[in-house]
file run_39.txt (compact mmCIF, C-alpha atoms and all ligand atoms)
# COMPACT_ATOMS: atom_id res chain seq x y z
CA MET L 16 7.84 80.47 45.20
CA SER L 17 7.76 78.90 41.77
CA ARG L 18 4.80 79.34 39.49
CA ASN L 19 3.24 76.69 37.34
CA TYR L 20 3.47 77.95 33.80
CA ARG L 21 0.83 76.94 31.29
CA LYS L 22 1.98 74.31 28.82
CA GLU L 23 0.46 76.29 25.95
CA PRO L 24 0.46 80.05 25.62
CA LEU L 25 -2.75 81.79 26.64
CA ARG L 26 -4.99 82.56 23.62
CA ILE L 27 -7.18 85.66 23.64
CA PHE L 28 -9.66 86.77 20.96
CA ILE L 29 -10.57 90.46 20.83
CA ALA L 30 -13.55 91.67 18.80
CA ALA L 31 -13.18 95.35 17.88
CA GLY L 32 -16.85 96.26 17.54
CA HIS L 33 -18.25 97.76 14.28
CA GLY L 34 -16.09 99.06 11.38
CA GLY L 35 -16.34 99.95 7.69
CA PRO L 36 -19.87 101.08 6.71
CA ASP L 37 -20.95 100.70 10.38
CA PRO L 38 -19.16 103.33 12.50
CA GLY L 39 -21.15 102.39 15.64
CA ALA L 40 -21.94 105.31 17.93
CA VAL L 41 -20.65 108.69 16.72
CA ASN L 42 -19.71 112.01 18.33
CA ALA L 43 -19.68 114.37 15.34
CA ALA L 44 -18.68 117.39 17.44
CA LEU L 45 -15.47 115.68 18.59
CA GLY L 46 -14.96 113.75 15.32
CA LEU L 47 -15.12 110.40 17.15
CA THR L 48 -16.48 107.08 15.97
CA GLU L 49 -16.99 104.06 18.14
CA ALA L 50 -15.39 101.83 15.47
CA ALA L 51 -12.11 103.82 15.62
CA CYS L 52 -11.99 103.95 19.46
CA ASN L 53 -12.66 100.20 19.65
CA LEU L 54 -9.91 99.42 17.13
CA SER L 55 -7.33 101.65 18.89
CA ILE L 56 -7.96 99.88 22.17
CA ALA L 57 -7.90 96.40 20.59
CA MET L 58 -4.56 97.13 18.85
CA LEU L 59 -3.00 98.50 22.06
CA MET L 60 -4.19 95.43 23.96
CA GLN L 61 -2.69 93.13 21.34
CA GLN L 62 0.72 94.80 21.62
CA GLU L 63 0.71 94.65 25.42
CA LEU L 64 -0.56 91.05 25.59
CA ARG L 65 2.04 89.84 23.06
CA ARG L 66 4.75 91.44 25.17
CA HIS L 67 3.68 88.95 27.86
CA GLY L 68 3.82 85.90 25.54
CA VAL L 69 0.03 85.76 25.03
CA GLN L 70 -1.33 84.74 21.60
CA VAL L 71 -3.86 87.25 20.37
CA LYS L 72 -6.25 87.41 17.43
CA LEU L 73 -8.32 90.47 16.59
CA SER L 74 -11.59 90.39 14.65
CA ARG L 75 -10.17 93.15 12.43
CA TYR L 76 -6.89 95.07 12.09
CA GLN L 77 -8.20 98.05 10.14
CA ASP L 78 -11.36 100.04 9.44
CA GLU L 79 -13.38 97.42 7.55
CA GLU L 80 -16.79 95.81 7.70
CA ASP L 81 -16.89 93.31 10.57
CA ARG L 82 -20.39 92.14 11.39
CA LEU L 83 -21.24 90.56 14.74
CA LYS L 84 -22.09 87.24 13.07
CA GLU L 85 -18.60 87.10 11.50
CA GLN L 86 -16.89 88.11 14.75
CA ILE L 87 -18.64 85.28 16.58
CA ALA L 88 -17.84 82.70 13.87
CA GLU L 89 -14.17 83.79 13.77
CA CYS L 90 -13.90 83.71 17.56
CA ASN L 91 -15.43 80.21 17.79
CA ALA L 92 -13.08 78.94 15.07
CA TYR L 93 -10.03 80.36 16.90
CA LYS L 94 -11.04 78.54 20.15
CA PRO L 95 -9.49 81.09 22.53
CA ASP L 96 -9.15 80.63 26.26
CA PHE L 97 -11.08 83.86 26.67
CA ALA L 98 -12.76 86.42 24.37
CA VAL L 99 -13.42 90.13 24.85
CA ALA L 100 -15.74 92.31 22.75
CA ILE L 101 -14.78 95.99 22.78
CA HIS L 102 -17.56 98.59 22.42
CA THR L 103 -18.09 102.22 23.32
CA ASN L 104 -21.35 103.34 24.88
CA ALA L 105 -23.80 106.04 23.82
CA GLY L 106 -27.09 107.45 24.96
CA GLY L 107 -26.06 109.75 27.76
CA GLY L 108 -24.08 108.78 30.82
CA THR L 109 -20.49 108.41 31.85
CA GLY L 110 -18.06 105.66 32.76
CA PHE L 111 -16.98 102.13 31.93
CA GLU L 112 -19.24 99.12 32.18
CA VAL L 113 -18.77 95.40 31.58
CA TYR L 114 -21.18 92.54 30.79
CA TYR L 115 -20.44 88.96 31.80
CA GLN L 116 -21.78 85.64 30.52
CA MET L 117 -24.30 83.83 32.78
CA GLU L 118 -24.59 80.79 30.50
CA PRO L 119 -23.27 78.23 29.91
CA TRP L 120 -22.69 77.62 33.58
CA ALA L 121 -19.14 76.34 32.87
CA ASN L 122 -18.20 79.79 31.50
CA SER L 123 -20.01 81.97 34.00
CA LYS L 124 -17.52 81.68 36.87
CA ILE L 125 -14.47 82.87 34.93
CA SER L 126 -16.54 85.39 32.95
CA LEU L 127 -17.77 87.02 36.18
CA GLN L 128 -14.27 86.86 37.70
CA MET L 129 -12.82 88.54 34.58
CA ALA L 130 -15.58 91.18 34.53
CA ASN L 131 -14.83 92.04 38.16
CA LEU L 132 -11.10 92.32 37.35
CA PHE L 133 -11.79 94.59 34.36
CA ASP L 134 -13.99 96.78 36.57
CA SER L 135 -11.48 97.01 39.44
CA ASN L 136 -8.50 97.65 37.13
CA VAL L 137 -10.27 100.43 35.21
CA CYS L 138 -11.33 102.00 38.51
CA ARG L 139 -7.73 101.80 39.79
CA TYR L 140 -5.68 102.82 36.75
CA LEU L 141 -7.94 105.58 35.40
CA THR L 142 -8.99 106.70 38.89
CA VAL L 143 -12.62 106.88 37.82
CA HIS L 144 -15.92 105.50 39.09
CA THR L 145 -17.36 102.78 36.89
CA ARG L 146 -20.94 101.74 36.21
CA GLY L 147 -20.08 98.27 37.47
CA VAL L 148 -20.49 94.67 36.38
CA LYS L 149 -23.71 93.71 34.61
CA THR L 150 -25.22 90.93 32.57
CA SER L 151 -27.78 90.76 29.80
CA ARG L 152 -29.68 87.96 28.06
CA ASN L 153 -30.02 90.02 24.87
CA LEU L 154 -26.40 90.30 23.70
CA GLY L 155 -25.62 87.99 20.77
CA TRP L 156 -21.91 88.07 21.65
CA LEU L 157 -22.49 86.65 25.15
CA ASN L 158 -25.06 84.12 23.90
CA GLN L 159 -23.21 82.70 20.90
CA VAL L 160 -19.49 82.76 21.74
CA THR L 161 -18.53 79.27 22.96
CA ALA L 162 -15.44 80.37 24.93
CA PRO L 163 -15.85 82.27 28.21
CA CYS L 164 -16.24 85.92 27.26
CA ILE L 165 -17.22 89.43 28.32
CA LEU L 166 -18.36 92.56 26.52
CA VAL L 167 -17.00 95.94 27.60
CA GLU L 168 -18.36 99.44 27.00
CA ASN L 169 -15.23 101.63 27.22
CA PHE L 170 -16.98 104.94 28.02
CA PHE L 171 -19.83 107.07 26.64
CA ILE L 172 -18.82 108.56 23.30
CA ASP L 173 -21.53 111.24 23.73
CA GLY L 174 -21.07 111.68 27.49
CA PRO L 175 -19.79 114.77 29.30
CA ARG L 176 -16.24 113.32 29.62
CA ALA L 177 -15.95 111.93 26.06
CA ALA L 178 -13.08 114.27 25.14
CA TRP L 179 -11.09 113.21 28.23
CA TYR L 180 -11.72 109.47 27.76
CA SER L 181 -10.90 109.50 24.04
CA ALA L 182 -7.50 111.25 24.42
CA PRO L 183 -4.60 108.94 23.44
CA GLU L 184 -3.22 108.74 27.03
CA GLN L 185 -6.59 107.63 28.37
CA LEU L 186 -7.11 105.03 25.61
CA GLU L 187 -3.67 103.66 26.45
CA LYS L 188 -4.45 103.54 30.18
CA LEU L 189 -7.76 101.84 29.46
CA SER L 190 -6.15 99.17 27.27
CA LYS L 191 -3.42 98.55 29.88
CA ALA L 192 -6.08 98.20 32.60
CA TYR L 193 -7.85 95.59 30.45
CA VAL L 194 -4.58 93.71 29.84
CA ARG L 195 -3.68 93.76 33.54
CA ALA L 196 -7.10 92.24 34.27
CA ILE L 197 -6.55 89.41 31.75
CA LEU L 198 -3.01 88.70 33.03
CA GLU L 199 -4.18 88.75 36.66
CA CYS L 200 -7.04 86.36 35.89
CA TYR L 201 -4.59 83.81 34.46
CA GLY L 202 -1.81 84.37 37.03
CA ILE L 203 0.64 85.92 34.56
CA PRO L 204 2.80 88.56 36.31
CA TYR L 205 2.67 92.03 34.77
CA GLN L 206 6.08 93.03 33.45
CA PRO L 207 6.91 96.70 33.47
CA ASP L 208 8.40 97.87 30.19
CA THR L 209 11.78 98.98 31.53
CA THR L 210 14.50 98.60 28.94
CA VAL L 211 18.14 99.13 29.90
CA THR L 212 21.40 98.62 28.03
CA LEU L 213 23.33 95.63 29.29
CA ARG L 214 27.09 95.53 28.69
CA TYR L 215 29.05 92.29 28.83
CA ARG L 216 32.22 90.62 27.60
CA MET L 217 31.73 87.75 25.21
CA VAL L 218 34.35 85.02 25.05
CA THR L 219 34.23 83.13 21.77
CA ASP L 220 36.30 80.69 19.69
CA GLU L 221 37.35 78.32 22.50
CA LEU L 222 38.21 81.15 24.85
CA THR L 223 40.68 82.77 22.46
CA THR L 224 38.75 85.91 21.57
CA ALA L 225 37.04 88.36 23.90
CA LYS L 226 34.69 91.02 22.71
CA ASN L 227 32.90 93.82 24.52
CA CYS L 228 29.19 93.77 23.65
CA ALA L 229 26.04 95.74 24.48
CA CYS L 230 22.42 94.69 24.11
CA PRO L 231 19.01 96.01 25.21
CA ALA L 232 17.72 94.16 28.27
CA VAL L 233 14.69 94.25 30.54
CA GLN L 234 15.14 94.19 34.29
CA ILE L 235 12.61 92.02 36.11
CA ASN L 236 12.91 91.15 39.80
CA GLY L 237 16.61 91.96 39.83
CA ASN L 238 17.50 89.77 36.83
CA TYR L 239 18.34 91.07 33.39
CA TYR L 240 16.51 89.51 30.49
CA VAL L 241 17.74 89.82 26.92
CA HIS L 242 16.07 89.04 23.63
CA LEU L 243 18.18 86.24 22.20
CA ARG L 244 17.95 87.54 18.63
CA GLN L 245 19.29 90.94 19.65
CA PHE L 246 21.67 89.38 22.12
CA SER L 247 23.30 87.11 19.53
CA ARG L 248 23.41 89.88 16.94
CA SER L 249 25.35 92.01 19.40
CA PHE L 250 28.31 89.65 18.97
CA GLY L 251 27.69 88.82 15.34
CA MET L 252 25.83 85.50 15.55
CA ALA L 253 22.40 84.44 14.33
CA VAL L 254 19.87 82.21 16.08
CA TYR L 255 18.52 79.04 14.56
CA TYR L 256 15.88 76.85 16.15
CA ASP L 257 16.13 73.18 15.18
CA GLU L 258 12.57 71.79 14.96
CA LYS L 259 13.73 68.15 15.24
CA THR L 260 16.11 68.36 18.18
CA LYS L 261 14.27 71.34 19.75
CA GLN L 262 17.64 72.97 20.32
CA ILE L 263 18.59 76.57 19.96
CA LEU L 264 21.76 76.96 17.93
CA LEU L 265 23.93 79.97 17.28
CA TYR L 266 25.49 80.25 13.85
CA PRO L 267 27.61 82.78 12.08
CA PRO L 268 25.04 84.62 9.93
CA GLU L 269 26.15 83.07 6.62
CA TYR L 270 25.12 79.63 7.91
CA TYR L 271 21.42 80.21 8.38
CA THR L 272 18.59 81.24 6.14
CA GLU L 273 16.05 83.83 7.11
CA SER L 274 13.15 81.50 6.34
CA GLU L 275 14.35 78.81 8.76
CA PHE L 276 14.90 81.46 11.38
CA GLN L 277 11.37 82.83 10.91
CA SER L 278 9.65 79.45 11.12
CA GLY L 279 11.57 78.69 14.32
CA LEU L 280 10.50 81.92 15.90
CA LEU L 281 6.84 81.45 15.15
CA LYS L 282 6.53 78.01 16.77
CA ILE L 283 5.46 79.36 20.16
CA SER L 284 3.59 76.18 21.08
CA ASP L 285 6.85 74.21 21.13
CA PHE L 286 8.00 76.08 24.23
CA GLU L 287 6.79 75.11 27.66
CA ASP L 288 7.51 78.25 29.60
CA PRO L 289 8.52 81.88 29.14
CA ALA L 290 12.21 81.10 29.60
CA SER L 291 12.32 78.61 26.74
CA ARG L 292 10.15 80.87 24.56
CA ALA L 293 12.57 83.64 25.24
CA LEU L 294 15.50 81.44 24.26
CA ALA L 295 13.91 81.10 20.85
CA GLY L 296 13.62 84.84 20.53
CA ILE L 297 9.97 85.03 21.56
CA GLY L 298 8.88 87.01 24.56
CA THR L 299 11.02 88.92 26.98
CA GLY L 300 14.32 87.06 26.96
CA ILE L 301 16.55 84.75 28.93
CA SER L 302 17.80 85.42 32.39
CA ILE L 303 21.50 86.17 32.50
CA ASP L 304 21.68 83.87 35.54
CA GLU L 305 20.45 80.92 33.47
CA ALA L 306 22.70 81.66 30.54
CA ASP L 307 26.03 80.19 31.67
CA SER L 308 26.12 77.95 28.60
CA TRP L 309 26.61 81.07 26.49
CA HIS L 310 30.15 81.60 27.84
CA PHE L 311 29.97 85.21 28.76
CA ASP L 312 30.98 87.25 31.75
CA GLU L 313 29.29 90.37 32.92
CA TYR L 314 31.13 93.32 31.55
CA GLU L 315 32.63 95.48 34.24
CA GLU L 316 32.65 99.18 33.64
CA GLU L 317 36.17 100.58 34.01
CA THR L 318 36.33 103.19 36.70
CA PRO L 319 38.10 106.32 35.51
ZN ZN L 401 -21.04 99.02 19.83
call {"tool": "encode", "arguments": {"input": "run_39.txt", "output": "structure tokens", "more": "lines below"}}
Ligand SMILES: [Zn+2]
result
Amino acid sequence: MSRNYRKEPLRIFIAAGHGGPDPGAVNAALGLTEAACNLSIAMLMQQELRRHGVQVKLSRYQDEEDRLKEQIAECNAYKPDFAVAIHTNAGGGTGFEVYYQMEPWANSKISLQMANLFDSNVCRYLTVHTRGVKTSRNLGWLNQVTAPCILVENFFIDGPRAAWYSAPEQLEKLSKAYVRAILECYGIPYQPDTTVTLRYRMVTDELTTAKNCACPAVQINGNYYVHLRQFSRSFGMAVYYDEKTKQILLYPPEYYTESEFQSGLLKISDFEDPASRALAGIGTGISIDEADSWHFDEYEEETP
């Protein structure tokens, strides 16, 4: 069954609550601040979302002042498909909770759907009970963000399981659960991060020269995907994306400039689907099956 890929990459805004002079909730005994937990989770989510070709903007990338008013203004200017505010709870209790947007009506359906997916994914991947899906009329984030959005409370920073929740493995699981929820909501398949080394024989120069090459690849549904930049480097070529003809060209390295290469790579919106993004060196890579124009044969291991 073929999927309909979005014409434009999905855009997600993530507000990492608090920061700088405002640490948010604090657990002095464990040396935890809400601002730091929120930022760790936001950064992990960004990495994982980008791996799936999603465009991501964070409200901050370091420990700096980041007031709610500025987060909302920045989010509205970015015009994301969806926005998530990351917070950590306090006041006694335990477990994750999520708030969805009731208004405007046009946002409420996807906001509630996303909130339910966040709740079920946290429950599943951390094997914990959650406090469920809620709403509130008093949260500025939900009231003033124009895109559909939610606000999550990761866990209770002063709760009985704060040490367990704030351990690096748990923060990573939490951020992956959030990312799985976002991907599921937009029908983007989750891709396990399974890198293998692919070996192949490259035939170049009008079939006169053969070269044994190796390149990192990701195996998805039985196909191997390579990152074109790494793939071409493995046989000594560089990638150039021609903005005018929208063609991917391979050059010997002396024939391209790094700046042209960089601008080609960053034009994600020029690519209709993951396969063409991958061809330009963005995302997970091209399928070997689709790559017959590259003139290479699968390398066969010699049996001793
Ligand atoms: Zn907070």
call {"tool": "closest_atom_pairs", "arguments": {"input": "run_39.txt", "of": "chain L", "to": "ligand ZN 401 (chain L)", "cutoff": "6 Å", "atoms": "all atoms listed in the file", "output": "Markdown table"}}
result
| residue | atom | partner | partner_atom | distance |
| --- | --- | --- | --- | --- |
| L:Gly32 | CA | L:ZN401 | ZN | 5.5 |
| L:Gly39 | CA | L:ZN401 | ZN | 5.4 |
| L:His102 | CA | L:ZN401 | ZN | 4.4 |
| L:Thr103 | CA | L:ZN401 | ZN | 5.6 |
call {"tool": "atom_distance", "arguments": {"input": "run_39.txt", "atom1": "atom CA of L:Leu73", "atom2": "atom CA of L:Ala44"}}
result
28.9 Å
call {"tool": "closest_atom_pairs", "arguments": {"input": "run_39.txt", "of": "stretch 120-217 of chain L", "to": "stretch 88-100 of chain L", "cutoff": "10 Å", "atoms": "all atoms listed in the file", "output": "Markdown table"}}
result
| residue | atom | partner | partner_atom | distance |
| --- | --- | --- | --- | --- |
| L:Asn122 | CA | L:Phe97 | CA | 9.5 |
| L:Ile125 | CA | L:Phe97 | CA | 9.0 |
| L:Ser126 | CA | L:Phe97 | CA | 8.5 |
| L:Met129 | CA | L:Phe97 | CA | 9.4 |
| L:Ala130 | CA | L:Val99 | CA | 10.0 |
| L:Trp156 | CA | L:Ala100 | CA | 7.6 |
| L:Leu157 | CA | L:Ala100 | CA | 9.1 |
| L:Gln159 | CA | L:Asn91 | CA | 8.7 |
| L:Val160 | CA | L:Asn91 | CA | 6.2 |
| L:Thr161 | CA | L:Asn91 | CA | 6.1 |
| L:Ala162 | CA | L:Phe97 | CA | 5.8 |
| L:Pro163 | CA | L:Phe97 | CA | 5.3 |
| L:Cys164 | CA | L:Ala98 | CA | 4.6 |
| L:Ile165 | CA | L:Val99 | CA | 5.2 |
| L:Leu166 | CA | L:Ala100 | CA | 4.6 |
| L:Val167 | CA | L:Ala100 | CA | 6.2 |
| L:Glu168 | CA | L:Ala100 | CA | 8.7 |
| L:Tyr193 | CA | L:Val99 | CA | 9.6 |
| L:Ile197 | CA | L:Phe97 | CA | 8.8 |
| L:Tyr201 | CA | L:Asp96 | CA | 9.9 |
call {"tool": "atom_distance", "arguments": {"input": "run_39.txt", "atom1": "atom CA of L:Tyr76", "atom2": "atom CA of L:Ala57"}}
result
8.7 Å
call {"tool": "axis_aligned_box", "arguments": {"input": "run_39.txt", "around": "stretch 72-90 of chain L", "padding_each_side": "8 Å", "output": "lines of an AutoDock Vina configuration file"}}
result
center_x = -14.2
center_y = 91.4
center_z = 12.6
size_x = 31.8
size_y = 33.3
size_z = 26.0
call {"tool": "closest_residue", "arguments": {"input": "run_39.txt", "among": "L:Lys149, L:Arg75, L:Gly202, L:Gln62", "to": "L:Ile101", "atoms": "only C-alpha atoms"}}
result
L:Arg75
call {"tool": "atom_distance", "arguments": {"input": "run_39.txt", "atom1": "atom CA of L:Val41", "atom2": "atom CA of L:Ile172"}}
result
6.8 Å
call {"tool": "closest_residue", "arguments": {"input": "run_39.txt", "among": "L:Gln86, L:Val194, L:Leu186, L:Glu118", "to": "L:Lys72", "atoms": "all atoms listed in the file"}}
result
L:Gln86
call {"tool": "closest_residue", "arguments": {"input": "run_39.txt", "among": "L:Gln116, L:Thr145, L:Gln206, L:Thr48", "to": "L:His67", "atoms": "all atoms listed in the file"}}
result
L:Gln206
call {"tool": "residues_around", "arguments": {"input": "run_39.txt", "residues": "L:Asp78", "least_positions_apart": "2", "cutoff": "8 Å", "atoms": "all atoms listed in the file", "output": "PyMOL selection string"}}
result
chain L and resi 34-35+50-51+54+75-76+80
call {"tool": "closest_residue", "arguments": {"input": "run_39.txt", "among": "L:Asn136, L:Gln77, L:Leu127, L:His144", "to": "L:Lys191", "atoms": "all atoms listed in the file"}}
result
L:Asn136
call {"tool": "closest_residue", "arguments": {"input": "run_39.txt", "among": "L:Trp120, L:Phe28, L:Tyr114, L:Phe133", "to": "L:Ser190", "atoms": "only C-alpha atoms"}}
result
L:Phe133
call {"tool": "residues_near_point", "arguments": {"input": "run_39.txt", "point": "(-9.9, 91.5, 40.4)", "cutoff": "6 Å", "atoms": "all atoms listed in the file", "output": "list in words"}}
result
Asn131, Leu132 and Ser135 of chain L
call {"tool": "closest_residue", "arguments": {"input": "run_39.txt", "among": "L:Gln61, L:Asn53, L:Asn169, L:Thr142", "to": "L:Asn104", "atoms": "all atoms listed in the file"}}
result
L:Asn169
